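Heads up, the thing below is written out as structure tokens.
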2 protein chains.
Amino acid sequence: MKKAVVLVSGGLDSATTLALAREQGYACYAISFDYGQRHKCELDAAQQVARSLGVVEHKLMQLNMNDLGGSALTDESLDVPEEGVGEGIPVTYVPARNTVFLSLALGWAEVLEAEAIFIGVNAVDYSGYPDCRPEYIAAYQRLADLATRRGVEGRPIRVEAPLIHLSKAAIIREGARLGVDYGLTTSCYAPDAQCRACGRCDACRLRRAGFKTAGIPDPTPYQL
Amino acid sequence: MKKAVVLVSGGLDSATTLALAREQGYACYAISFDYGQRHKCELDAAQQVARSLGVVEHKLMQLNMNDLGGSALTDESLDVPEEGVGEGIPVTYVPARNTVFLSLALGWAEVLEAEAIFIGVNAVDYSGYPDCRPEYIAAYQRLADLATRRGVEGRPIRVEAPLIHLSKAAIIREGARLGVDYGLTTSCYAPDAQCRACGRCDACRLRRAGFKTAGIPDPTPYQL
């Protein structure tokens, strides 16, 4: 059975990506990162998502990216904005995050002899993150072709980003079709102690609007 | 003063690279990784090299790449070969290692507003590692241009590999010119408890031959 490494964050997009990889017939190996994100809700969610979608293995890697600083998602001294999606690259951008995650996934894929890596980035709702664009994924594919033993041997590992051109609503419709339980997922940048969503950060706004546009009930637990 | 992030492993090549970055006028920020390598000798060496070459800061990141398996350098179940440099990609190749290290260096460079990343790879003595080739570095540069805030803003972070076309002997001559103390560095894949080199692994063979060809005394402490 062909294998794929799937980046699973605990969010809506990566859960849908995992369901799509499974639909394509891959034995899925989920990988998640404890990278110094302020809250651990998403790691619990990642575990539940991976289990519910029948992965072969779920690997959680420790990675102190808050050591590097520079993002509201990992640096306690920066505030998460609540004023809606703005212009340019937001303060919640974590420097080189997808590049680091893809690189570790690539290493695992080589060891597993996997054919593909799946990542749930999308360019439509990317909110100004440079590492969510199609040209970024293409550049990563080129790098993967050159960086790995498989690539040198002419059997490169494919970097799959099946959500890249989908809107949030379209992603939710795909997931609903594949039976993804979005009640297990979390998107909020600033959840409370019970992991309930704030409803005000960029991620909450995009998610909420997505369910509304898709015409699918939003199972997210919000703070009062 | 312009800044550079320099990957420092504790080996001969990265020490020379750091000296070259300093010669080019950069304020240098060294980064090393505790990635599950079997021995910690190289981390001690990295610290001494960084200090001796006057870095502004030396960051040591924890990274459990042995979690991913697949290399004799991190996996206790695989033997380090002692029969000399062979054909193809050796068992000491760590999957995606340079890709992972460059990605974390890229993240730090973004946070620091650094202009460049320096890595001590070289294609001449690369012993079959795919991620030490010029085309790999070029692909990484393209990725860095697209992945980062600086790249989007038209001020990309340069990926510098000043040793890429140098032989081991030429590297050693450069380092000697710049006053690098190679007695502080370590290259061996299988040192003993006192961090003395085995003299038999690929890395030892290349290093020993390099000093001989350069006509410079080899300060490496070898096992008896």
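Labels for the structure tokens follow display order: chains A, B, ..., residues from 1 in each chain, ligands from 1.
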
Taking the chain letters and numbering used in this document, name the residues of range 93-215 of chain B that DSSP puts in strand (DSSP E or B), as a list of chain:residue names.
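DSSP on the backbone gives strand (DSSP E or B) at B:Ala116, B:Ile117, B:Phe118, B:Arg158, B:Val159, B:Glu160, B:Ala197.
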
How close does each residue of chain B get to chain A, giving the shortest atom pair and distance in Å to one decimal for every residue with an atom at most 7 Å away, counting only C-alpha atoms, sorted by chain and residue number, as a Markdown table?
```
| residue | atom | partner | partner_atom | distance |
| --- | --- | --- | --- | --- |
| B:Gln62 | CA | A:Leu63 | CA | 6.8 |
| B:Leu63 | CA | A:Leu63 | CA | 6.0 |
| B:Leu68 | CA | A:Trp108 | CA | 5.4 |
| B:Gly69 | CA | A:Val111 | CA | 6.7 |
| B:Gly70 | CA | A:Val111 | CA | 5.4 |
| B:Pro95 | CA | A:Gly107 | CA | 4.6 |
| B:Ala96 | CA | A:Gly107 | CA | 4.7 |
| B:Thr99 | CA | A:Ser103 | CA | 5.8 |
| B:Val100 | CA | A:Ser103 | CA | 5.1 |
| B:Ser103 | CA | A:Val100 | CA | 5.1 |
| B:Leu104 | CA | A:Val100 | CA | 6.2 |
| B:Leu106 | CA | A:Ala96 | CA | 6.4 |
| B:Gly107 | CA | A:Pro95 | CA | 4.6 |
| B:Trp108 | CA | A:Leu68 | CA | 5.4 |
| B:Glu110 | CA | A:Pro95 | CA | 6.4 |
| B:Val111 | CA | A:Gly70 | CA | 5.4 |
| B:Pro130 | CA | A:Ala147 | CA | 5.4 |
| B:Asp131 | CA | A:Ala147 | CA | 4.8 |
| B:Tyr136 | CA | A:Leu146 | CA | 5.5 |
| B:Ala139 | CA | A:Leu143 | CA | 5.2 |
| B:Tyr140 | CA | A:Leu143 | CA | 6.2 |
| B:Arg142 | CA | A:Ala139 | CA | 6.5 |
| B:Leu143 | CA | A:Ala139 | CA | 5.2 |
| B:Leu146 | CA | A:Tyr136 | CA | 5.6 |
| B:Ala147 | CA | A:Asp131 | CA | 4.8 |
| B:Thr148 | CA | A:Pro130 | CA | 6.1 |
| B:Arg149 | CA | A:Pro130 | CA | 6.7 |
| B:Val152 | CA | A:Pro130 | CA | 7.0 |
```

Quick one: everything within 7 Å of range 158-168 of chain B, counting only C-alpha atoms, minus sequence neighbours fewer than 3 positions away in the same chain. Send it as an NGL selection string.
:B and (17 or 115-125 or 134 or 141 or 171-172 or 207 or 210)

Output the selection as a PDB file, in the first residue's frame - C-alpha atoms for each residue.
```pdb
ATOM      1  CA  THR B  17      32.623  28.993   7.035  1.00  0.00           C
ATOM      2  CA  GLU B 115      20.882  39.305   5.294  1.00  0.00           C
ATOM      3  CA  ALA B 116      22.432  35.880   4.876  1.00  0.00           C
ATOM      4  CA  ILE B 117      22.678  32.303   6.058  1.00  0.00           C
ATOM      5  CA  PHE B 118      26.047  30.557   5.816  1.00  0.00           C
ATOM      6  CA  ILE B 119      26.328  26.783   5.510  1.00  0.00           C
ATOM      7  CA  GLY B 120      29.564  24.816   5.197  1.00  0.00           C
ATOM      8  CA  VAL B 121      28.495  22.199   2.644  1.00  0.00           C
ATOM      9  CA  ASN B 122      30.869  21.226  -0.095  1.00  0.00           C
ATOM     10  CA  ALA B 123      30.315  19.285  -3.257  1.00  0.00           C
ATOM     11  CA  VAL B 124      33.854  17.979  -3.707  1.00  0.00           C
ATOM     12  CA  ASP B 125      34.035  15.811  -0.596  1.00  0.00           C
ATOM     13  CA  PRO B 134      25.270  23.294  -5.768  1.00  0.00           C
ATOM     14  CA  GLN B 141      17.733  29.918  -2.362  1.00  0.00           C
ATOM     15  CA  ILE B 171      39.214  24.587   3.031  1.00  0.00           C
ATOM     16  CA  ILE B 172      41.955  23.900   5.570  1.00  0.00           C
ATOM     17  CA  ARG B 207      39.932  15.173   7.229  1.00  0.00           C
ATOM     18  CA  GLY B 210      42.983  17.140   3.769  1.00  0.00           C
TER      19      GLY B 210
END
```

Using DSSP secondary structure from the backbone, list all helix (DSSP H, G or I) positions within chain B, as a ChimeraX atom specification.
/B:12-23,41-52,65-67,97-112,130-132,134-147,149-152,168-177,182-184,202-214

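Among the candidates B:Gln194, B:Ala46, B:Leu12, B:His39, the residue lying nearest to Phe211 in chain B is B:Leu12 (atoms considered: only C-alpha atoms).
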